[in-house]
>>> print(open('final08.txt').read())   # compact mmCIF, C-alpha atoms
# COMPACT_ATOMS: atom_id res chain seq x y z
CA MET A 424 7.12 11.52 -15.49
CA LEU A 425 5.56 8.19 -16.32
CA ILE A 426 5.43 5.77 -13.38
CA LEU A 427 4.39 2.23 -14.31
CA THR A 428 4.07 -1.00 -12.40
CA THR A 429 4.63 -2.92 -15.62
CA ASN A 430 8.10 -3.74 -16.94
CA GLU A 431 7.34 -2.45 -20.41
CA VAL A 432 5.89 0.79 -21.69
CA ALA A 433 3.01 0.34 -24.11
CA ALA A 434 3.51 2.05 -27.48
CA ALA A 435 7.08 2.92 -26.51
CA LYS A 436 10.47 1.29 -26.55
CA ILE A 437 12.96 1.36 -23.69
CA THR A 438 16.24 2.63 -25.11
CA GLU A 439 18.30 2.85 -21.94
CA SER A 440 18.10 1.55 -18.39
CA LEU A 441 19.40 4.03 -15.87
CA GLY A 442 19.23 1.79 -12.84
CA LEU A 443 17.35 1.58 -9.59
CA VAL A 444 15.65 4.64 -8.19
CA ARG A 445 14.05 4.74 -4.78
CA GLY A 446 12.59 7.03 -2.22
CA THR A 447 12.21 6.32 1.46
CA THR A 448 10.56 8.04 4.36
CA VAL A 449 9.44 7.30 7.88
CA ARG A 450 6.63 9.38 9.27
CA THR A 451 4.59 9.48 12.39
CA ARG A 452 1.91 11.67 13.91
CA HIS A 453 2.10 13.39 17.22
CA TRP A 454 1.20 11.70 20.48
CA GLY A 455 -2.26 13.23 20.56
CA HIS A 456 -3.20 11.58 17.28
CA ASN A 457 -1.86 8.26 18.51
CA LEU A 458 -3.98 8.58 21.65
CA ILE A 459 -7.13 9.25 19.59
CA ALA A 460 -6.20 6.37 17.30
CA ALA A 461 -5.91 4.07 20.32
CA PHE A 462 -9.44 5.03 21.37
CA LYS A 463 -10.69 4.40 17.84
CA GLY A 464 -9.13 0.97 18.11
CA LEU A 465 -11.58 0.27 20.93
CA VAL A 466 -14.69 1.19 18.95
CA GLY A 467 -13.75 0.14 15.41
CA GLY A 468 -13.97 1.86 12.02
CA GLU A 469 -11.36 3.62 9.99
CA VAL A 470 -8.48 5.12 11.92
CA HIS A 471 -8.03 8.34 9.96
CA GLU A 472 -4.95 9.27 11.94
CA TYR A 473 -3.09 6.26 10.55
CA THR A 474 -4.65 6.49 7.09
CA LYS A 475 -3.26 9.99 6.91
CA VAL A 476 0.24 9.09 8.06
CA ILE A 477 0.45 6.24 5.54
CA ALA A 478 -0.81 8.53 2.76
CA GLU A 479 1.71 11.22 3.69
CA ALA A 480 4.54 8.70 3.71
CA ARG A 481 3.42 7.22 0.38
CA GLU A 482 3.41 10.61 -1.36
CA GLU A 483 6.73 11.66 0.14
CA ALA A 484 8.48 8.42 -0.83
CA LEU A 485 7.03 8.63 -4.33
CA ASP A 486 8.21 12.22 -4.77
CA ARG A 487 11.71 11.34 -3.56
CA MET A 488 11.88 8.46 -6.02
CA LYS A 489 10.67 10.72 -8.84
CA ALA A 490 13.30 13.32 -7.93
CA GLU A 491 16.01 10.67 -8.15
CA ALA A 492 14.71 9.49 -11.52
CA PHE A 493 14.50 13.07 -12.75
CA ALA A 494 18.10 13.69 -11.70
CA LEU A 495 19.16 10.71 -13.82
CA GLY A 496 17.34 12.15 -16.81
CA ALA A 497 14.76 9.36 -16.92
CA ASP A 498 11.60 9.52 -18.99
CA ALA A 499 9.82 6.86 -16.97
CA VAL A 500 10.07 4.50 -14.03
CA VAL A 501 9.03 0.92 -14.76
CA GLY A 502 8.48 -2.00 -12.42
CA PHE A 503 7.40 0.46 -9.76
CA ARG A 504 6.55 -0.89 -6.32
CA PHE A 505 5.73 0.32 -2.82
CA ALA A 506 6.99 -1.50 0.25
CA THR A 507 6.01 -0.71 3.80
CA SER A 508 7.16 -1.70 7.23
CA GLU A 509 7.06 -0.46 10.78
CA VAL A 510 10.46 0.59 12.08
CA ALA A 511 9.04 1.92 15.34
CA LYS A 512 5.72 1.89 17.10
CA ASN A 513 3.17 4.04 15.24
CA CYS A 514 5.70 4.98 12.55
CA ALA A 515 5.07 4.26 8.89
CA GLU A 516 8.05 3.46 6.71
CA VAL A 517 7.37 3.50 2.98
CA VAL A 518 9.86 2.65 0.26
CA ALA A 519 9.00 3.48 -3.33
CA TYR A 520 11.27 1.92 -5.92
CA GLY A 521 11.53 1.05 -9.59
CA SER A 522 13.81 1.13 -12.61
CA ALA A 523 14.50 4.45 -14.29
CA VAL A 524 14.49 4.21 -18.08
CA LYS A 525 14.68 6.35 -21.17
CA ILE A 526 12.03 5.67 -23.78
CA VAL A 527 11.09 6.65 -27.31
CA ARG A 528 7.77 6.23 -29.06
CA ALA A 529 7.64 2.89 -30.82
CA ASP A 530 6.77 4.52 -34.14
CA GLN A 531 9.83 6.79 -33.94
CA ASP A 532 12.26 3.86 -33.91
CA MET B 1041 -21.78 26.64 -29.60
CA MET B 1042 -25.28 26.63 -31.05
CA LEU B 1043 -27.74 24.16 -29.76
CA ASP B 1044 -29.70 22.17 -32.28
CA GLN B 1045 -33.19 22.86 -30.97
CA ASP B 1046 -34.74 20.07 -33.04
CA ASN B 1047 -32.46 17.40 -31.56
CA ARG B 1048 -32.93 18.33 -27.90
CA GLN B 1049 -34.14 15.55 -25.69
CA PRO B 1050 -37.58 16.21 -24.27
CA GLU B 1051 -37.42 17.01 -20.58
CA GLU B 1052 -38.56 14.28 -18.22
CA PRO B 1053 -41.78 15.15 -16.42
CA PRO B 1054 -41.26 15.89 -12.72
CA PRO B 1055 -41.94 12.89 -10.44
CA GLY B 1056 -45.48 12.60 -9.15
CA ALA B 1057 -46.51 12.35 -5.51
CA ASP B 1058 -46.56 8.54 -5.61
CA GLU B 1059 -43.09 8.36 -7.15
CA LEU B 1060 -41.72 10.78 -4.56
CA MET B 1061 -43.25 8.63 -1.82
CA ALA B 1062 -41.79 5.49 -3.42
CA MET B 1063 -38.34 7.11 -3.55
CA ALA B 1064 -38.57 8.18 0.07
CA TYR B 1065 -39.81 4.73 1.09
CA ALA B 1066 -37.02 2.99 -0.82
CA ASP B 1067 -34.44 5.28 0.78
CA GLY B 1068 -35.88 4.69 4.26
CA GLU B 1069 -36.72 8.36 4.70
CA LEU B 1070 -40.34 7.98 5.80
CA GLY B 1071 -41.43 8.10 9.42
CA ALA B 1072 -42.73 4.95 11.06
CA GLU B 1073 -46.41 5.77 10.55
CA GLU B 1074 -45.94 6.98 6.98
CA ALA B 1075 -43.90 3.89 6.14
CA ALA B 1076 -46.55 1.57 7.62
CA ALA B 1077 -49.31 3.31 5.65
CA PHE B 1078 -47.27 3.15 2.47
CA SER B 1079 -46.53 -0.55 3.04
CA ALA B 1080 -50.27 -1.18 3.29
CA ARG B 1081 -50.81 0.64 0.00
CA LEU B 1082 -48.07 -1.41 -1.69
CA LYS B 1083 -49.96 -4.64 -1.00
CA GLY B 1084 -52.81 -3.57 -3.27
CA ASP B 1085 -50.86 -1.61 -5.88
CA PRO B 1086 -48.45 -3.69 -8.04
CA ALA B 1087 -47.41 -0.64 -10.10
CA LEU B 1088 -46.34 1.21 -6.96
CA LEU B 1089 -44.55 -1.90 -5.71
CA ARG B 1090 -42.63 -2.08 -9.00
CA LEU B 1091 -41.67 1.59 -8.61
CA VAL B 1092 -40.25 0.93 -5.14
CA ALA B 1093 -38.35 -2.11 -6.45
CA GLU B 1094 -36.86 -0.01 -9.26
CA HIS B 1095 -35.67 2.65 -6.84
CA ARG B 1096 -34.22 0.03 -4.51
CA ALA B 1097 -32.36 -1.52 -7.46
CA LEU B 1098 -31.07 1.92 -8.42
CA ASP B 1099 -29.92 2.48 -4.86
CA ALA B 1100 -28.08 -0.86 -4.83
CA LEU B 1101 -26.47 -0.01 -8.17
CA ALA B 1102 -25.43 3.41 -6.93
CA ARG B 1103 -23.79 1.83 -3.90
CA GLN B 1104 -21.85 -0.53 -6.17
CA VAL B 1105 -20.58 2.12 -8.57
CA GLY B 1106 -20.43 5.06 -6.19
CA HIS B 1107 -17.87 6.12 -3.68
CA PRO B 1108 -17.75 3.43 -0.99
CA GLU B 1109 -17.56 5.87 1.88
CA PRO B 1110 -18.88 9.28 2.90
CA ALA B 1111 -17.65 12.20 0.82
CA GLU B 1112 -15.13 14.68 2.23
CA ILE B 1113 -17.94 17.07 3.06
CA ASP B 1114 -19.61 14.40 5.23
CA TRP B 1115 -16.37 13.80 7.13
CA ALA B 1116 -15.98 17.56 7.59
CA VAL B 1117 -19.53 17.85 8.96
CA LEU B 1118 -18.92 15.01 11.41
CA LYS B 1119 -15.67 16.61 12.54
CA ALA B 1120 -17.25 20.05 12.94
CA ASP B 1121 -20.12 18.75 15.05
CA PRO B 1122 -20.26 21.04 18.14
CA THR B 1123 -20.59 18.13 20.58
CA HIS B 1124 -17.60 16.37 19.03
CA ARG B 1125 -15.52 19.54 19.06
CA GLY B 1126 -16.57 20.48 22.57
CA THR B 1127 -15.80 17.12 24.13
CA THR B 1128 -12.51 16.87 22.24
CA VAL B 1129 -11.30 20.32 23.30
CA ALA B 1130 -12.45 19.81 26.88
CA GLY B 1131 -10.75 16.42 26.99
CA TRP B 1132 -7.44 17.81 25.74
CA VAL B 1133 -7.53 20.79 28.11
CA LEU B 1134 -8.24 18.58 31.13
CA LEU B 1135 -5.58 16.07 30.09
CA ALA B 1136 -2.93 18.72 29.45
CA ALA B 1137 -3.70 20.60 32.66
CA SER B 1138 -3.61 17.47 34.81
CA ALA B 1139 -0.37 16.29 33.16
CA LEU B 1140 1.39 19.63 33.63
CA ILE B 1141 0.19 20.22 37.16
CA GLY B 1142 0.81 16.60 38.13
CA ALA B 1143 4.35 16.70 36.71
CA ALA B 1144 5.06 19.99 38.50
CA ILE B 1145 3.75 18.69 41.86
CA ALA B 1146 5.61 15.38 41.55
CA SER B 1147 8.87 17.08 40.54
CA GLY B 1148 8.57 19.74 43.20
CA SER B 1149 7.74 17.36 46.02
CA PHE B 1150 10.61 15.05 45.03
CA LEU B 1151 13.20 17.78 44.50
CA LEU B 1152 12.26 19.56 47.74
CA ASP B 1153 12.03 16.38 49.81
CA ASP B 1154 14.79 16.66 52.46
CA THR B 1155 14.56 12.95 53.24
CA VAL B 1156 15.99 12.15 49.78
CA PRO B 1157 19.79 12.62 49.58
CA PHE B 1158 20.82 15.75 47.69
CA PRO B 1159 22.86 13.91 44.98
CA ALA B 1160 19.78 11.81 44.11
CA ARG B 1161 17.59 14.90 43.88
CA ALA B 1162 20.22 16.70 41.79
CA LEU B 1163 20.52 13.75 39.41
CA ALA B 1164 16.75 13.46 39.04
CA GLY B 1165 16.45 17.21 38.49
CA ALA B 1166 19.18 17.15 35.86
CA GLY B 1167 17.49 14.23 34.11
CA VAL B 1168 14.10 15.94 34.03
CA LEU B 1169 15.69 19.17 32.82
CA GLY B 1170 17.61 17.30 30.12
CA LEU B 1171 14.46 15.58 28.87
CA ALA B 1172 12.62 18.88 28.86
CA LEU B 1173 15.40 20.54 26.86
CA LEU B 1174 15.55 17.70 24.34
CA PHE B 1175 11.78 17.76 23.92
CA SER B 1176 11.74 21.51 23.49
CA ALA B 1177 14.45 21.24 20.82
CA VAL B 1178 12.49 18.59 18.91
CA LEU B 1179 9.26 20.56 19.29
CA ARG B 1180 10.88 23.79 18.11
CA ARG B 1181 12.35 22.07 15.08
CA ARG B 1182 9.02 20.49 14.20
CA LEU B 1183 7.12 23.76 14.56
CA ARG B 1184 9.61 25.45 12.23
CA ALA B 1185 9.41 22.57 9.74
CA ILE B 1186 5.60 22.42 9.58
CA PRO B 1187 5.24 25.24 7.01
CA LEU B 1188 7.89 23.51 4.86
CA ASP B 1189 6.20 20.11 4.95
CA PRO B 1190 4.13 19.73 1.76
CA TYR B 1191 2.72 16.38 2.81
CA ARG B 1192 0.87 17.44 5.95
CA HIS B 1193 -2.26 18.18 3.87
CA VAL B 1194 -2.37 14.70 2.33
CA GLN B 1195 -5.45 13.03 3.73
CA ARG B 1196 -5.63 9.55 2.21
>>> encode(input="final08.txt", output="structure tokens")
Amino acid sequence: MLILTTNEVAAAKITESLGLVRGTTVRTRHWGHNLIAAFKGLVGGEVHEYTKVIAEAREEALDRMKAEAFALGADAVVGFRFATSEVAKNCAEVVAYGSAVKIVRADQD
Amino acid sequence: MMLDQDNRQPEEPPPGADELMAMAYADGELGAEEAAAFSARLKGDPALLRLVAEHRALDALARQVGHPEPAEIDWAVLKADPTHRGTTVAGWVLLAASALIGAAIASGSFLLDDTVPFPARALAGAGVLGLALLFSAVLRRRLRAIPLDPYRHVQR
């Protein structure tokens, strides 16, 4: 499935808008990782423990959004965005959202 | 697919001793004495100096277009370092042992303390037991869900 941050699809025409699709998740890592991350905060550098939890949350939210778009029969999601926030200490909330659309090739119209 | 032998590019000649030294010097791979001797040579050899400058420029270019951080294999090597692994494992074992033993001693001494009224000890014991049960339920659920979690291998 095509996921685009743009509102249009190059070389294609949007024939139907199917509405908002979104995927949400909140993930955290276990206490041990948070402890190591706290120590890394003292010495600097990348905190892999948090990089990983954000990456996990990003992929999970994206897959949930794609599943919703797929269930609607969409060909693409346009205007795609990620949003993040922290709902609890050391938890990563990621929302992936966009507009599900049906498209046809511009030269087929 | 047949190769067109006539159109093959001629192979580059292998680098000479001076070029290898220039590459090592540009990459900072020479020892202190070797580097000092090579620096002295550079002062009287403009061609060698140009070679070093070219390799330094290549290095700067590679840093601009290359991956901005160590490759996965480098991270893996750092993580597998015996000292890192040893101190990490020892740290966790000591921490876990002290936490478990400390919690057991504190709970035992409080629950068996006759100077504390029985209802207070019963309430505290029930609270600790409740927390332990809740934690074990969450832990059990997580352990069963780990194999079903496709995102746990996502690294970045």
>>> interface_residues(input="final08.txt", of="chain B", to="chain A", cutoff="7 Å", atoms="only C-alpha atoms", output="number ranges by chain")
B: 1191-1192, 1194-1196
>>> residues_around(input="final08.txt", residues="Val470 in chain A", least_positions_apart="5", cutoff="10 Å", atoms="all atoms listed in the file", output="list of chain:residue names")
A:His456, A:Asn457, A:Ile459, A:Ala460, A:Ala461, A:Phe462, A:Lys463, A:Gly464, A:Lys475
>>> residues_around(input="final08.txt", residues="Glu1094 in chain B", least_positions_apart="3", cutoff="12 Å", atoms="all atoms listed in the file", output="compact mmCIF listing (two decimals) with C-alpha atoms, keeping the file's coordinate frame")
# COMPACT_ATOMS: atom_id res chain seq x y z
CA GLU B 1059 -43.09 8.36 -7.15
CA ALA B 1062 -41.79 5.49 -3.42
CA MET B 1063 -38.34 7.11 -3.55
CA TYR B 1065 -39.81 4.73 1.09
CA ALA B 1066 -37.02 2.99 -0.82
CA ASP B 1067 -34.44 5.28 0.78
CA ALA B 1087 -47.41 -0.64 -10.10
CA LEU B 1088 -46.34 1.21 -6.96
CA LEU B 1089 -44.55 -1.90 -5.71
CA ARG B 1090 -42.63 -2.08 -9.00
CA LEU B 1091 -41.67 1.59 -8.61
CA ALA B 1097 -32.36 -1.52 -7.46
CA LEU B 1098 -31.07 1.92 -8.42
CA ASP B 1099 -29.92 2.48 -4.86
CA ALA B 1100 -28.08 -0.86 -4.83
CA LEU B 1101 -26.47 -0.01 -8.17
>>> atom_distance(input="final08.txt", atom1="CA of Leu465 in chain A", atom2="CA of His1193 in chain B")
26.4 Å
>>> closest_residue(input="final08.txt", among="A:Val524, A:Val466, A:Val500, A:Ala519", to="Ile437 in chain A", atoms="only C-alpha atoms")
A:Val524
>>> residues_around(input="final08.txt", residues="range 1129-1136 of chain B", least_positions_apart="2", cutoff="12 Å", atoms="all atoms listed in the file", output="PyMOL selection string")
(chain A and resi 454-456+458-459) or (chain B and resi 1120+1122-1127+1138-1143)
>>> write_last_selection(input="final08.txt", atoms="C-alpha atoms", output="short mmCIF file (atom, residue, chain, number, x, y, z; two decimals), keeping the file's coordinate frame")
data_model
loop_
_atom_site.label_atom_id
_atom_site.label_comp_id
_atom_site.auth_asym_id
_atom_site.auth_seq_id
_atom_site.Cartn_x
_atom_site.Cartn_y
_atom_site.Cartn_z
CA TRP A 454 1.20 11.70 20.48
CA GLY A 455 -2.26 13.23 20.56
CA HIS A 456 -3.20 11.58 17.28
CA LEU A 458 -3.98 8.58 21.65
CA ILE A 459 -7.13 9.25 19.59
CA ALA B 1120 -17.25 20.05 12.94
CA PRO B 1122 -20.26 21.04 18.14
CA THR B 1123 -20.59 18.13 20.58
CA HIS B 1124 -17.60 16.37 19.03
CA ARG B 1125 -15.52 19.54 19.06
CA GLY B 1126 -16.57 20.48 22.57
CA THR B 1127 -15.80 17.12 24.13
CA SER B 1138 -3.61 17.47 34.81
CA ALA B 1139 -0.37 16.29 33.16
CA LEU B 1140 1.39 19.63 33.63
CA ILE B 1141 0.19 20.22 37.16
CA GLY B 1142 0.81 16.60 38.13
CA ALA B 1143 4.35 16.70 36.71
#
>>> residues_around(input="final08.txt", residues="Phe1150 in chain B", least_positions_apart="6", cutoff="9 Å", atoms="only C-alpha atoms", output="PyMOL selection string")
chain B and resi 1156+1161+1164
>>> residues_around(input="final08.txt", residues="Leu425 in chain A", least_positions_apart="6", cutoff="12 Å", atoms="only C-alpha atoms", output="ChimeraX atom specification")
/A:431-433,435,489,492-493,497-503,521-526
>>> write_last_selection(input="final08.txt", atoms="C-alpha atoms", output="PDB file, keeping the file's coordinate frame")
ATOM      1  CA  GLU A 431       7.340  -2.450 -20.410  1.00  0.00           C
ATOM      2  CA  VAL A 432       5.890   0.790 -21.690  1.00  0.00           C
ATOM      3  CA  ALA A 433       3.010   0.340 -24.110  1.00  0.00           C
ATOM      4  CA  ALA A 435       7.080   2.920 -26.510  1.00  0.00           C
ATOM      5  CA  LYS A 489      10.670  10.720  -8.840  1.00  0.00           C
ATOM      6  CA  ALA A 492      14.710   9.490 -11.520  1.00  0.00           C
ATOM      7  CA  PHE A 493      14.500  13.070 -12.750  1.00  0.00           C
ATOM      8  CA  ALA A 497      14.760   9.360 -16.920  1.00  0.00           C
ATOM      9  CA  ASP A 498      11.600   9.520 -18.990  1.00  0.00           C
ATOM     10  CA  ALA A 499       9.820   6.860 -16.970  1.00  0.00           C
ATOM     11  CA  VAL A 500      10.070   4.500 -14.030  1.00  0.00           C
ATOM     12  CA  VAL A 501       9.030   0.920 -14.760  1.00  0.00           C
ATOM     13  CA  GLY A 502       8.480  -2.000 -12.420  1.00  0.00           C
ATOM     14  CA  PHE A 503       7.400   0.460  -9.760  1.00  0.00           C
ATOM     15  CA  GLY A 521      11.530   1.050  -9.590  1.00  0.00           C
ATOM     16  CA  SER A 522      13.810   1.130 -12.610  1.00  0.00           C
ATOM     17  CA  ALA A 523      14.500   4.450 -14.290  1.00  0.00           C
ATOM     18  CA  VAL A 524      14.490   4.210 -18.080  1.00  0.00           C
ATOM     19  CA  LYS A 525      14.680   6.350 -21.170  1.00  0.00           C
ATOM     20  CA  ILE A 526      12.030   5.670 -23.780  1.00  0.00           C
TER      21      ILE A 526
END
>>> atom_distance(input="final08.txt", atom1="CA of Pro1086 in chain B", atom2="CA of Leu1060 in chain B")
16.3 Å
>>> atom_distance(input="final08.txt", atom1="CA of Ser440 in chain A", atom2="CA of Ala490 in chain A")
16.5 Å
>>> build_atoms(input="final08.txt", residues="range 1124-1135 of chain B", atoms="all heavy atoms", output="PDB file, keeping the file's coordinate frame")
ATOM      1  N   HIS B1124     -18.890  17.022  19.245  1.00  0.00           N
ATOM      2  CA  HIS B1124     -17.600  16.370  19.030  1.00  0.00           C
ATOM      3  C   HIS B1124     -16.449  17.331  19.348  1.00  0.00           C
ATOM      4  O   HIS B1124     -15.517  16.980  20.076  1.00  0.00           O
ATOM      5  CB  HIS B1124     -17.508  15.895  17.570  1.00  0.00           C
ATOM      6  CG  HIS B1124     -16.175  15.350  17.204  1.00  0.00           C
ATOM      7  ND1 HIS B1124     -15.756  14.091  17.575  1.00  0.00           N
ATOM      8  CD2 HIS B1124     -15.132  15.901  16.527  1.00  0.00           C
ATOM      9  CE1 HIS B1124     -14.532  13.890  17.128  1.00  0.00           C
ATOM     10  NE2 HIS B1124     -14.132  14.965  16.487  1.00  0.00           N
ATOM     11  N   ARG B1125     -16.577  18.558  18.829  1.00  0.00           N
ATOM     12  CA  ARG B1125     -15.520  19.540  19.060  1.00  0.00           C
ATOM     13  C   ARG B1125     -15.411  19.903  20.535  1.00  0.00           C
ATOM     14  O   ARG B1125     -14.318  19.997  21.089  1.00  0.00           O
ATOM     15  CB  ARG B1125     -15.773  20.801  18.233  1.00  0.00           C
ATOM     16  CG  ARG B1125     -15.566  20.618  16.748  1.00  0.00           C
ATOM     17  CD  ARG B1125     -15.800  21.914  16.008  1.00  0.00           C
ATOM     18  NE  ARG B1125     -14.832  22.926  16.376  1.00  0.00           N
ATOM     19  CZ  ARG B1125     -13.622  23.047  15.824  1.00  0.00           C
ATOM     20  NH1 ARG B1125     -13.272  22.213  14.868  1.00  0.00           N
ATOM     21  NH2 ARG B1125     -12.792  23.974  16.208  1.00  0.00           N
ATOM     22  N   GLY B1126     -16.570  20.087  21.161  1.00  0.00           N
ATOM     23  CA  GLY B1126     -16.570  20.480  22.570  1.00  0.00           C
ATOM     24  C   GLY B1126     -15.936  19.422  23.462  1.00  0.00           C
ATOM     25  O   GLY B1126     -15.072  19.740  24.297  1.00  0.00           O
ATOM     26  N   THR B1127     -16.352  18.174  23.276  1.00  0.00           N
ATOM     27  CA  THR B1127     -15.800  17.120  24.130  1.00  0.00           C
ATOM     28  C   THR B1127     -14.319  16.909  23.852  1.00  0.00           C
ATOM     29  O   THR B1127     -13.537  16.638  24.767  1.00  0.00           O
ATOM     30  CB  THR B1127     -16.559  15.798  23.920  1.00  0.00           C
ATOM     31  OG1 THR B1127     -16.623  15.505  22.520  1.00  0.00           O
ATOM     32  CG2 THR B1127     -17.957  15.865  24.482  1.00  0.00           C
ATOM     33  N   THR B1128     -13.931  17.052  22.578  1.00  0.00           N
ATOM     34  CA  THR B1128     -12.510  16.870  22.240  1.00  0.00           C
ATOM     35  C   THR B1128     -11.651  17.957  22.875  1.00  0.00           C
ATOM     36  O   THR B1128     -10.631  17.658  23.507  1.00  0.00           O
ATOM     37  CB  THR B1128     -12.330  16.883  20.704  1.00  0.00           C
ATOM     38  OG1 THR B1128     -13.155  15.890  20.128  1.00  0.00           O
ATOM     39  CG2 THR B1128     -10.883  16.607  20.334  1.00  0.00           C
ATOM     40  N   VAL B1129     -12.084  19.211  22.730  1.00  0.00           N
ATOM     41  CA  VAL B1129     -11.300  20.320  23.300  1.00  0.00           C
ATOM     42  C   VAL B1129     -11.251  20.208  24.822  1.00  0.00           C
ATOM     43  O   VAL B1129     -10.177  20.335  25.438  1.00  0.00           O
ATOM     44  CB  VAL B1129     -11.902  21.681  22.866  1.00  0.00           C
ATOM     45  CG1 VAL B1129     -11.265  22.824  23.646  1.00  0.00           C
ATOM     46  CG2 VAL B1129     -11.718  21.897  21.364  1.00  0.00           C
ATOM     47  N   ALA B1130     -12.414  19.935  25.416  1.00  0.00           N
ATOM     48  CA  ALA B1130     -12.450  19.810  26.880  1.00  0.00           C
ATOM     49  C   ALA B1130     -11.544  18.668  27.347  1.00  0.00           C
ATOM     50  O   ALA B1130     -10.819  18.794  28.352  1.00  0.00           O
ATOM     51  CB  ALA B1130     -13.887  19.589  27.352  1.00  0.00           C
ATOM     52  N   GLY B1131     -11.588  17.575  26.627  1.00  0.00           N
ATOM     53  CA  GLY B1131     -10.750  16.420  26.990  1.00  0.00           C
ATOM     54  C   GLY B1131      -9.275  16.765  26.945  1.00  0.00           C
ATOM     55  O   GLY B1131      -8.510  16.444  27.865  1.00  0.00           O
ATOM     56  N   TRP B1132      -8.861  17.444  25.855  1.00  0.00           N
ATOM     57  CA  TRP B1132      -7.440  17.810  25.740  1.00  0.00           C
ATOM     58  C   TRP B1132      -7.019  18.799  26.814  1.00  0.00           C
ATOM     59  O   TRP B1132      -5.928  18.683  27.387  1.00  0.00           O
ATOM     60  CB  TRP B1132      -7.154  18.391  24.352  1.00  0.00           C
ATOM     61  CG  TRP B1132      -7.038  17.353  23.280  1.00  0.00           C
ATOM     62  CD1 TRP B1132      -7.759  17.269  22.134  1.00  0.00           C
ATOM     63  CD2 TRP B1132      -6.135  16.234  23.261  1.00  0.00           C
ATOM     64  NE1 TRP B1132      -7.386  16.167  21.408  1.00  0.00           N
ATOM     65  CE2 TRP B1132      -6.388  15.517  22.072  1.00  0.00           C
ATOM     66  CE3 TRP B1132      -5.161  15.761  24.126  1.00  0.00           C
ATOM     67  CZ2 TRP B1132      -5.701  14.357  21.731  1.00  0.00           C
ATOM     68  CZ3 TRP B1132      -4.469  14.608  23.785  1.00  0.00           C
ATOM     69  CH2 TRP B1132      -4.740  13.929  22.604  1.00  0.00           C
ATOM     70  N   VAL B1133      -7.881  19.783  27.092  1.00  0.00           N
ATOM     71  CA  VAL B1133      -7.530  20.790  28.110  1.00  0.00           C
ATOM     72  C   VAL B1133      -7.362  20.123  29.471  1.00  0.00           C
ATOM     73  O   VAL B1133      -6.378  20.367  30.195  1.00  0.00           O
ATOM     74  CB  VAL B1133      -8.606  21.900  28.157  1.00  0.00           C
ATOM     75  CG1 VAL B1133      -8.422  22.785  29.383  1.00  0.00           C
ATOM     76  CG2 VAL B1133      -8.555  22.754  26.886  1.00  0.00           C
ATOM     77  N   LEU B1134      -8.321  19.258  29.831  1.00  0.00           N
ATOM     78  CA  LEU B1134      -8.240  18.580  31.130  1.00  0.00           C
ATOM     79  C   LEU B1134      -6.996  17.689  31.202  1.00  0.00           C
ATOM     80  O   LEU B1134      -6.292  17.666  32.223  1.00  0.00           O
ATOM     81  CB  LEU B1134      -9.500  17.738  31.356  1.00  0.00           C
ATOM     82  CG  LEU B1134     -10.781  18.526  31.639  1.00  0.00           C
ATOM     83  CD1 LEU B1134     -11.993  17.605  31.641  1.00  0.00           C
ATOM     84  CD2 LEU B1134     -10.666  19.245  32.988  1.00  0.00           C
ATOM     85  N   LEU B1135      -6.729  16.974  30.105  1.00  0.00           N
ATOM     86  CA  LEU B1135      -5.580  16.070  30.090  1.00  0.00           C
ATOM     87  C   LEU B1135      -4.270  16.848  30.213  1.00  0.00           C
ATOM     88  O   LEU B1135      -3.381  16.485  31.007  1.00  0.00           O
ATOM     89  CB  LEU B1135      -5.601  15.260  28.785  1.00  0.00           C
ATOM     90  CG  LEU B1135      -4.695  14.035  28.715  1.00  0.00           C
ATOM     91  CD1 LEU B1135      -5.069  13.029  29.792  1.00  0.00           C
ATOM     92  CD2 LEU B1135      -4.788  13.393  27.340  1.00  0.00           C
TER      93      LEU B1135
END
